[in-house]
Amino acid sequence: MKKFCFSPLFLLTLLFPTYIFSQHEVKGNLQDKESAPVAFANVVLFETDSVTVYRGAVSNEEGEFVFENIAPNDYVLAVSFIGFERYVTRVNVTENTTIPTLILNEDAGELGEVTINGRNPTVTKTIDRMVFNVENTTLSTGSTYELLKRTPGVIESQGQLLVKNRPATVYINDRRVYLTQQELQQLLEGFSGANIKSVEVITNPPAKYDAEGGAILNIKTSKNISVGYKGSLNASNTVAVVPKYLLGTSQYYKNDWVNVFASYNFNSRFDYKNDEGFIEFYEPGGGVDSRWFNDFEKDSRRISHNLNTIIDFTLSERSSLSLSANLQLTPKSDSDIRGLTQIYNPQGQLDSLFTTRSDLRNEQDNILLSATYTTEVGENGGSLSAVANYLKYDDEQLQDLLTRYSSPGGDLLNRNSFSTISGQNTDIYTGKIDYSTPVAGSSLETGVKYSGIRSQSGMDFFDTNAGGGFVEEFSDHFDYDEDIYAAYLSWSKEWDAWSIKGGLRGEYTDVTGNSISMGLVNTQEYFELFPTFYLMHSPGEDHSFGLDYSRRIGRPRFQSLNPYRYFINENNFQEGNPNLRPSIANRINFNYTYKNKLSFDLYWDKADNAMATLPFQDNENRQLRSVYANMDFSEQFSLDIMYYDYVTEWWYLYAYASMFYMQNDFVALESGNQVVTNDIYTAYIQAQNFLTLSKDGTFSAEVTGSFLPGYIEGSYNFDEPQTILSVGLRKSFLNDRLVATINVDDIFNGQNIPLVSNYLNQNNSYFVREGETRRVRFGVIYKFGNFKLRDNSRAIEAEEGKRLGSN
């Protein structure tokens with residue numbers, strides 16, 4: 001391919017604004033009586049003696065609001081937010097104006113005789129996202145992962161968090177989480193929800209975010225507002241088939257020029273899994289050759305340490321510097337696997353059987369260093385930020401596998417054994433610059449970014465059956481280099497009852513994947529443009545209409561490109577595909593919201609070359625392999641209905657219903673390369689109830705139920721309905737210094753259901769009979785010091801690192 005000459009400086013020159021207009025600006029800050037910021041409040045400017053809205057705004061997470069391009073005049077400013085009394089004051093604008101901090105009083109009258117200290121979750125919508133506000137709510141003492149599972153519009157399926165039925169990318173404070181799917185869950189299960197202010201559900205991410213991935217779940221952590229020291233100790237015990245423990249502490253100190261935060265979590269987990277598998281192998285003429293029934297058990301023991309430190313320096317009134325480090329050390333992640341496979345002939349008679357014992361030994365280290373500099377530019381609210389990250393990821397794995405073949409009577413027929421040594425070492429370097437400024441009554445954002453990835457991985461295969469040694473045929477070493485240059489421009493404007501936002505992001509990608517042992521080289525160079533567009537119209541307080549569009553890309557992850565194999569037994573394995581190509585998706589969503597409590601979404605997306613893990617059975621050699629592959633496309637249409645409001649003063653209800661059609665078209669590699677269509681009409685229904693059970697608000701409950709009658713993933717179909725019911729209780733003591741929780745998840749064990757792949761000459765399935773989704777968790781948090789301070793704790797993530805994980 002001809003080399004494409006690309007310069008990020010050239011694109012920055014095209015996108016960076018060369019003009020700035022001065023104008024009158026009105027800004028201020030909202031706080032409650034405890035000096036805590038009041039976020040997402042409605043702030044409205046009226047011309048004096050007029051009932052017509054002149055300008056409207058919403059306070060951000062720090063309680064700040066800004067009006068731009070305000071003509072000189074006398075105005076009335078009104079602030080309203082649920083749980084607070086309405087605030088009204090006069091403002092005279094003759095120049096740029098900063099209003100003194102406005103203190104809002106809680107509205108006890110709204111709650112009648114019930115006084116609630118902790119608020120229930122609320123949902124608000126902006127032009128490009130939905131915001132789930134959870135700070136100081138019934139969810140805040142659970143884990144961050146449990147909080148994400150209960151976020152409106154989120155479905156958990158087979159350990160994945162889905163938005164609009166697609167895997168979501170998790171961000172923390174606008175930075176992507178770098179861990180694998182399993183590590184992400186374990187990290188967020190150890191990160192207290194008390195540190196979380198809100199979760200943003202961004203269905204079509206704007207140009208500021210990387211073009212890679214689907215919808216985004218952006219976790220916003222709390223911010224500090226005053227000097228002092230606070231700390232906490234937390235512990236939890238989860239009772240399922242086997243126990244799990246978590247111990248942690250957070251320490252925080254702030255003065256006028258420095259903020260210091262440090263947290264440490266120790267996680268000891270013992271997980272048990274038991275599933276049943278079925279494979280029906282066929283003869284070339286189409287008749288049944290044999291039927292295999294598998295019983296699989298896996299015991300996993302994991303010990304991990306997570307240390308997160310952040311130091312924020314206030315360099316001046318306009319500038320700040322943040323230095324961060326995150327260490328995730330996993331010295332032990334071991335699994336013992338036991339399998340029994342019974343082989344029956346076409347007449348249903350037991351022909352033979354084999355047992356498998358496999359030991360997996362893993363050690364993983366993740367180190368991330370980050371530096372962020374921010375400063376205000378000019379006098380009209382412009383800002384500039386620069387971020388640099390370095391990520392080091394090491395993963396070493398040993399596997400020993402022994403298989404014994406026996407007759408129905410128990411006589412040993414044969415045995416086979418082998419071992420593998422595999423590892424991955426990855427370095428990621430990223431740097432980006434973002435600039436934003438108001439321009440002629442609108443807002444402009446632009447920026448550039450570079451990311452470089454260097455990864456080396458491989459597997460050595462050893463035949464240990466009869467003293468054999470290294471087997472080159474089954475071994476491989478894989479080198480992966482990736483460079484991405486990106487630049488974006490985004491513009492937004494509000495006027496009268498309209499809001500508009502548009503953006504364009506350009507990304508040039510240069511990738512080389514080299515399978516040294518197999519002699520396979522995958523080189524990809526391409527430049528793609530990713531437009532985004534949002535339009536919102538609010539003709540009155542009760543109605544809001546929205547339309548948005550985005551174009552996105554999905555790049556293969558490192559493990560999915562590496563052709564080495566992970567064996568469940570010698571006849572069942574998973575392998576990578578160095579020939580994977582990126583996928584391109586287009587998404588359109590139309591929304592109507594009534595009174596900010598009833599919402600309708602009409603949604604469509606189509607991803608060409610969508611990536612999936614597809615199982616293929618080799619009927620001749622009696623093998624089942626799961627392959628990372630590009631499907632022809634994946635498409636869906638959906639109608640979503642959401643309701644979120646207080647049923648009574650003590651009962652907040654969130655209800656969600658999604659009716660959708662999904663279609664996956666893929667090439668059947670073991671069926672003459674025919675194109676197969678797997679589709680379904682189905683629905684997802686969820687109801688979350690947040691209940692305040694005491695007048696002082698110290699005792700609360702949450703009841704969540706969901707129902708999914710059917711679903712598809714790649715070539716798999718969910719063979720039974722999925723029904724989940726969970727209950728949680730929270731009680732605080734000692735003026736909220738001590739908080740105790742108990743949560744019972746998946747009470748009826750309805751989350752584990754059979755998955756079946758059945759088409760042409762393929763028929764296989766698996767059913768997780770015991771996956772530990774039904775569990776009881778006891779938790780306690782004790783706060784000390786000036787524990788009512790807001791926390792500025794943040795998890796720090798490198799944006800490209802998520803692709804270290806497998807699909």
# chains A, B, ... in the order shown; residues from 1 in each chain; ligands from 1
call {"tool": "residues_around", "arguments": {"residues": "range 722-724 of chain A", "least_positions_apart": "3", "cutoff": "9 Å", "atoms": "only C-alpha atoms", "output": "MDAnalysis selection string"}}
result
chainID A and resid 704:710 718 745:753
call {"tool": "write_last_selection", "arguments": {"atoms": "N, CA and C atoms", "output": "PDB file, in the first residue's frame"}}
result
ATOM      1  N   THR A 704     -34.493  -4.340  42.035  1.00  0.00           N
ATOM      2  CA  THR A 704     -34.314  -4.282  40.585  1.00  0.00           C
ATOM      3  C   THR A 704     -34.715  -5.607  39.959  1.00  0.00           C
ATOM      4  N   GLY A 705     -35.516  -5.523  38.917  1.00  0.00           N
ATOM      5  CA  GLY A 705     -35.899  -6.712  38.175  1.00  0.00           C
ATOM      6  C   GLY A 705     -35.762  -6.474  36.682  1.00  0.00           C
ATOM      7  N   SER A 706     -35.403  -7.527  35.928  1.00  0.00           N
ATOM      8  CA  SER A 706     -35.270  -7.410  34.473  1.00  0.00           C
ATOM      9  C   SER A 706     -35.690  -8.711  33.815  1.00  0.00           C
ATOM     10  N   PHE A 707     -36.100  -8.591  32.536  1.00  0.00           N
ATOM     11  CA  PHE A 707     -36.560  -9.753  31.775  1.00  0.00           C
ATOM     12  C   PHE A 707     -36.092  -9.607  30.332  1.00  0.00           C
ATOM     13  N   LEU A 708     -35.416 -10.646  29.816  1.00  0.00           N
ATOM     14  CA  LEU A 708     -34.913 -10.675  28.446  1.00  0.00           C
ATOM     15  C   LEU A 708     -35.336 -12.004  27.831  1.00  0.00           C
ATOM     16  N   PRO A 709     -36.384 -12.018  26.999  1.00  0.00           N
ATOM     17  CA  PRO A 709     -36.886 -13.295  26.472  1.00  0.00           C
ATOM     18  C   PRO A 709     -35.968 -13.963  25.459  1.00  0.00           C
ATOM     19  N   GLY A 710     -35.125 -13.191  24.779  1.00  0.00           N
ATOM     20  CA  GLY A 710     -34.227 -13.778  23.787  1.00  0.00           C
ATOM     21  C   GLY A 710     -33.170 -12.786  23.370  1.00  0.00           C
ATOM     22  N   PHE A 718     -29.613 -17.133  22.634  1.00  0.00           N
ATOM     23  CA  PHE A 718     -29.992 -17.431  24.007  1.00  0.00           C
ATOM     24  C   PHE A 718     -31.220 -18.342  23.940  1.00  0.00           C
ATOM     25  N   ASP A 745     -28.003 -10.604  44.864  1.00  0.00           N
ATOM     26  CA  ASP A 745     -28.080 -10.492  43.412  1.00  0.00           C
ATOM     27  C   ASP A 745     -28.603 -11.779  42.790  1.00  0.00           C
ATOM     28  N   ASP A 746     -29.417 -11.613  41.746  1.00  0.00           N
ATOM     29  CA  ASP A 746     -29.935 -12.734  40.958  1.00  0.00           C
ATOM     30  C   ASP A 746     -30.527 -13.818  41.876  1.00  0.00           C
ATOM     31  N   ILE A 747     -31.556 -13.415  42.614  1.00  0.00           N
ATOM     32  CA  ILE A 747     -32.125 -14.278  43.644  1.00  0.00           C
ATOM     33  C   ILE A 747     -32.545 -15.640  43.092  1.00  0.00           C
ATOM     34  N   PHE A 748     -33.125 -15.670  41.900  1.00  0.00           N
ATOM     35  CA  PHE A 748     -33.646 -16.917  41.343  1.00  0.00           C
ATOM     36  C   PHE A 748     -32.683 -17.579  40.354  1.00  0.00           C
ATOM     37  N   ASN A 749     -31.433 -17.113  40.338  1.00  0.00           N
ATOM     38  CA  ASN A 749     -30.408 -17.698  39.477  1.00  0.00           C
ATOM     39  C   ASN A 749     -30.876 -17.757  38.017  1.00  0.00           C
ATOM     40  N   GLY A 750     -31.458 -16.647  37.560  1.00  0.00           N
ATOM     41  CA  GLY A 750     -32.019 -16.621  36.216  1.00  0.00           C
ATOM     42  C   GLY A 750     -31.108 -16.042  35.165  1.00  0.00           C
ATOM     43  N   GLN A 751     -29.896 -15.606  35.555  1.00  0.00           N
ATOM     44  CA  GLN A 751     -29.004 -14.982  34.585  1.00  0.00           C
ATOM     45  C   GLN A 751     -28.288 -15.999  33.716  1.00  0.00           C
ATOM     46  N   ASN A 752     -28.057 -17.207  34.246  1.00  0.00           N
ATOM     47  CA  ASN A 752     -27.330 -18.231  33.494  1.00  0.00           C
ATOM     48  C   ASN A 752     -28.309 -19.041  32.658  1.00  0.00           C
ATOM     49  N   ILE A 753     -28.149 -18.980  31.328  1.00  0.00           N
ATOM     50  CA  ILE A 753     -29.038 -19.669  30.406  1.00  0.00           C
ATOM     51  C   ILE A 753     -28.218 -20.331  29.307  1.00  0.00           C
TER      52      ILE A 753
END
call {"tool": "residues_around", "arguments": {"residues": "Phe590 in chain A", "least_positions_apart": "4", "cutoff": "6 Å", "atoms": "only C-alpha atoms", "output": "ChimeraX atom specification"}}
result
/A:546-547,601-602
call {"tool": "residues_around", "arguments": {"residues": "Asn764 in chain A", "least_positions_apart": "6", "cutoff": "9 Å", "atoms": "only C-alpha atoms", "output": "list in words"}}
result
Gly277, Phe278, Ile279, Glu280, Phe281, Pro615, Phe616, Gln617, Leu624, Leu755, Val756, Ser757 and Asn758 of chain A
call {"tool": "write_last_selection", "arguments": {"atoms": "C-alpha atoms", "output": "compact mmCIF listing (two decimals), in the first residue's frame"}}
result
# COMPACT_ATOMS: atom_id res chain seq x y z
CA GLY A 277 -21.44 -28.34 26.61
CA PHE A 278 -22.83 -30.24 23.66
CA ILE A 279 -21.42 -30.88 20.16
CA GLU A 280 -23.08 -32.89 17.41
CA PHE A 281 -20.55 -33.90 14.75
CA PRO A 615 -17.47 -21.12 17.21
CA PHE A 616 -16.76 -23.50 14.33
CA GLN A 617 -16.73 -27.29 14.58
CA LEU A 624 -14.40 -27.11 18.11
CA LEU A 755 -26.38 -20.55 24.41
CA VAL A 756 -26.85 -22.49 21.17
CA SER A 757 -25.15 -22.22 17.75
CA ASN A 758 -27.19 -24.38 15.34
call {"tool": "closest_residue", "arguments": {"among": "A:Leu233, A:Ala487, A:Leu340, A:Ala215", "to": "Lys783 in chain A", "atoms": "only C-alpha atoms"}}
result
A:Leu233
call {"tool": "select_by_dssp", "arguments": {"residues": "range 334-527 of chain A", "states": "strand (DSSP E or B)", "output": "MDAnalysis selection string"}}
result
chainID A and resid 334:344 350:377 382:406 412:439 442:463 470 476:495 498:515 520:527
call {"tool": "atom_distance", "arguments": {"atom1": "CA of Asp271 in chain A", "atom2": "CA of Asn571 in chain A"}}
result
24.7 Å
call {"tool": "residues_around", "arguments": {"residues": "Met631 in chain A", "least_positions_apart": "6", "cutoff": "12 Å", "atoms": "only C-alpha atoms", "output": "JSON, numbers by chain"}}
result
{"A": [580, 581, 582, 583, 584, 606, 607, 608, 609, 610, 611, 612, 613, 614, 663, 664, 665, 666, 667, 668, 669, 673, 675, 676, 677, 678, 713, 714, 715]}
call {"tool": "write_last_selection", "arguments": {"atoms": "N, CA and C atoms", "output": "short mmCIF file (atom, residue, chain, number, x, y, z; two decimals), in the first residue's frame"}}
result
data_model
loop_
_atom_site.label_atom_id
_atom_site.label_comp_id
_atom_site.auth_asym_id
_atom_site.auth_seq_id
_atom_site.Cartn_x
_atom_site.Cartn_y
_atom_site.Cartn_z
N LEU A 580 -7.68 -10.02 10.94
CA LEU A 580 -8.85 -9.22 11.30
C LEU A 580 -8.74 -7.81 10.71
N ARG A 581 -9.87 -7.28 10.29
CA ARG A 581 -9.93 -5.92 9.76
C ARG A 581 -10.78 -5.05 10.67
N PRO A 582 -10.58 -3.74 10.66
CA PRO A 582 -11.42 -2.86 11.47
C PRO A 582 -12.86 -2.83 10.94
N SER A 583 -13.79 -2.53 11.82
CA SER A 583 -15.19 -2.41 11.43
C SER A 583 -15.59 -0.93 11.46
N ILE A 584 -16.54 -0.57 10.61
CA ILE A 584 -17.06 0.79 10.54
C ILE A 584 -18.55 0.74 10.82
N LYS A 606 -25.65 0.09 12.07
CA LYS A 606 -25.14 -0.99 11.23
C LYS A 606 -23.63 -0.92 11.24
N ALA A 607 -23.00 -2.05 11.56
CA ALA A 607 -21.54 -2.15 11.61
C ALA A 607 -21.07 -3.12 10.54
N ASP A 608 -20.38 -2.62 9.53
CA ASP A 608 -19.78 -3.48 8.51
C ASP A 608 -18.47 -4.06 9.05
N ASN A 609 -18.23 -5.35 8.72
CA ASN A 609 -17.05 -6.07 9.23
C ASN A 609 -17.06 -6.16 10.75
N ALA A 610 -18.24 -6.19 11.36
CA ALA A 610 -18.32 -6.28 12.82
C ALA A 610 -17.56 -7.50 13.32
N MET A 611 -16.82 -7.32 14.42
CA MET A 611 -16.00 -8.41 14.96
C MET A 611 -16.76 -9.19 16.02
N ALA A 612 -16.56 -10.50 16.01
CA ALA A 612 -17.23 -11.37 16.98
C ALA A 612 -16.39 -12.62 17.18
N THR A 613 -16.64 -13.31 18.29
CA THR A 613 -16.04 -14.61 18.53
C THR A 613 -17.03 -15.68 18.06
N LEU A 614 -16.66 -16.41 17.00
CA LEU A 614 -17.56 -17.38 16.38
C LEU A 614 -17.04 -18.79 16.59
N GLN A 663 -29.68 -8.44 13.65
CA GLN A 663 -29.30 -9.34 12.58
C GLN A 663 -27.78 -9.39 12.46
N ASN A 664 -27.23 -10.61 12.46
CA ASN A 664 -25.81 -10.84 12.22
C ASN A 664 -25.64 -11.71 10.99
N ASP A 665 -24.88 -11.24 10.01
CA ASP A 665 -24.55 -12.02 8.82
C ASP A 665 -23.06 -12.35 8.85
N PHE A 666 -22.72 -13.66 8.73
CA PHE A 666 -21.32 -14.07 8.80
C PHE A 666 -21.07 -15.23 7.85
N VAL A 667 -19.78 -15.47 7.58
CA VAL A 667 -19.37 -16.56 6.69
C VAL A 667 -19.13 -17.81 7.52
N ALA A 668 -19.77 -18.92 7.13
CA ALA A 668 -19.62 -20.19 7.83
C ALA A 668 -18.36 -20.89 7.33
N LEU A 669 -17.26 -20.76 8.07
CA LEU A 669 -15.96 -21.24 7.60
C LEU A 669 -15.90 -22.75 7.46
N ASN A 673 -18.14 -21.98 3.31
CA ASN A 673 -18.09 -20.51 3.27
C ASN A 673 -19.43 -19.89 2.85
N VAL A 675 -22.89 -17.82 3.49
CA VAL A 675 -23.26 -16.71 4.35
C VAL A 675 -24.50 -17.10 5.15
N VAL A 676 -24.41 -16.98 6.46
CA VAL A 676 -25.49 -17.36 7.37
C VAL A 676 -26.05 -16.12 8.04
N THR A 677 -27.35 -16.05 8.15
CA THR A 677 -28.02 -14.94 8.85
C THR A 677 -28.58 -15.44 10.18
N ASN A 678 -28.21 -14.76 11.25
CA ASN A 678 -28.76 -15.04 12.57
C ASN A 678 -29.48 -13.78 13.04
N GLU A 713 -25.74 -13.34 20.08
CA GLU A 713 -24.36 -12.87 20.10
C GLU A 713 -23.59 -13.66 19.05
N GLY A 714 -23.22 -13.00 17.95
CA GLY A 714 -22.55 -13.71 16.87
C GLY A 714 -23.47 -14.77 16.29
N SER A 715 -23.04 -16.04 16.34
CA SER A 715 -23.88 -17.14 15.86
C SER A 715 -24.68 -17.78 16.98
#
call {"tool": "closest_atom_pairs", "arguments": {"of": "range 493-568 of chain A", "to": "range 430-441 of chain A", "cutoff": "12 Å", "atoms": "only C-alpha atoms", "output": "JSON lines"}}
result
{"residue": "A:Lys493", "atom": "CA", "partner": "A:Gly441", "partner_atom": "CA", "distance": 7.0}
{"residue": "A:Glu494", "atom": "CA", "partner": "A:Gly441", "partner_atom": "CA", "distance": 8.1}
{"residue": "A:Trp495", "atom": "CA", "partner": "A:Gly441", "partner_atom": "CA", "distance": 8.9}
call {"tool": "write_last_selection", "arguments": {"atoms": "N, CA and C atoms", "output": "mmCIF file, in the first residue's frame"}}
result
data_model
loop_
_atom_site.group_PDB
_atom_site.id
_atom_site.type_symbol
_atom_site.label_atom_id
_atom_site.label_comp_id
_atom_site.auth_asym_id
_atom_site.auth_seq_id
_atom_site.Cartn_x
_atom_site.Cartn_y
_atom_site.Cartn_z
ATOM 1 N N LYS A 493 -23.878 25.404 19.696
ATOM 2 C CA LYS A 493 -24.541 26.694 19.893
ATOM 3 C C LYS A 493 -25.947 26.465 20.426
ATOM 4 N N GLU A 494 -26.391 27.381 21.299
ATOM 5 C CA GLU A 494 -27.749 27.368 21.815
ATOM 6 C C GLU A 494 -28.405 28.716 21.527
ATOM 7 N N TRP A 495 -29.652 28.666 21.076
ATOM 8 C CA TRP A 495 -30.409 29.901 20.892
ATOM 9 C C TRP A 495 -31.890 29.570 21.005
#
call {"tool": "closest_residue", "arguments": {"among": "A:Asn308, A:Ser671, A:Thr89, A:Asn735", "to": "Tyr759 in chain A", "atoms": "only C-alpha atoms"}}
result
A:Ser671
call {"tool": "closest_residue", "arguments": {"among": "A:His537, A:Lys597, A:Arg737, A:Arg269", "to": "Thr238 in chain A", "atoms": "only C-alpha atoms"}}
result
A:Arg269
call {"tool": "closest_residue", "arguments": {"among": "A:Phe533, A:Val647, A:Met459, A:Gln185", "to": "Glu575 in chain A", "atoms": "only C-alpha atoms"}}
result
A:Met459
call {"tool": "residues_around", "arguments": {"residues": "Ser406 in chain A", "least_positions_apart": "2", "cutoff": "12 Å", "atoms": "only C-alpha atoms", "output": "JSON, numbers by chain"}}
result
{"A": [340, 341, 342, 343, 350, 351, 352, 353, 354, 355, 356, 403, 404, 408, 409, 410, 411, 412, 413, 414, 415]}
call {"tool": "closest_residue", "arguments": {"among": "A:Gly63, A:Gly502, A:Pro243, A:Pro531", "to": "Phe270 in chain A", "atoms": "only C-alpha atoms"}}
result
A:Pro243
call {"tool": "residues_around", "arguments": {"residues": "Tyr488 in chain A", "least_positions_apart": "3", "cutoff": "7 Å", "atoms": "only C-alpha atoms", "output": "compact mmCIF listing (two decimals) with C-alpha atoms, in the first residue's frame"}}
result
# COMPACT_ATOMS: atom_id res chain seq x y z
CA ALA A 207 -15.76 14.20 18.14
CA LYS A 208 -13.71 14.88 21.29
CA THR A 446 -10.44 21.39 18.88
CA GLY A 447 -7.47 19.15 19.58
CA VAL A 448 -4.85 16.70 18.38
CA LEU A 504 -15.48 16.06 12.66
CA ARG A 505 -12.64 13.80 13.74
CA GLY A 506 -9.89 12.53 11.47
call {"tool": "closest_residue", "arguments": {"among": "A:Trp292, A:Tyr485, A:Tyr171, A:Phe527", "to": "Asn619 in chain A", "atoms": "only C-alpha atoms"}}
result
A:Trp292
call {"tool": "residues_around", "arguments": {"residues": "Asp394 in chain A", "least_positions_apart": "3", "cutoff": "6 Å", "atoms": "only C-alpha atoms", "output": "PyMOL selection string"}}
result
chain A and resi 364-365+424-425
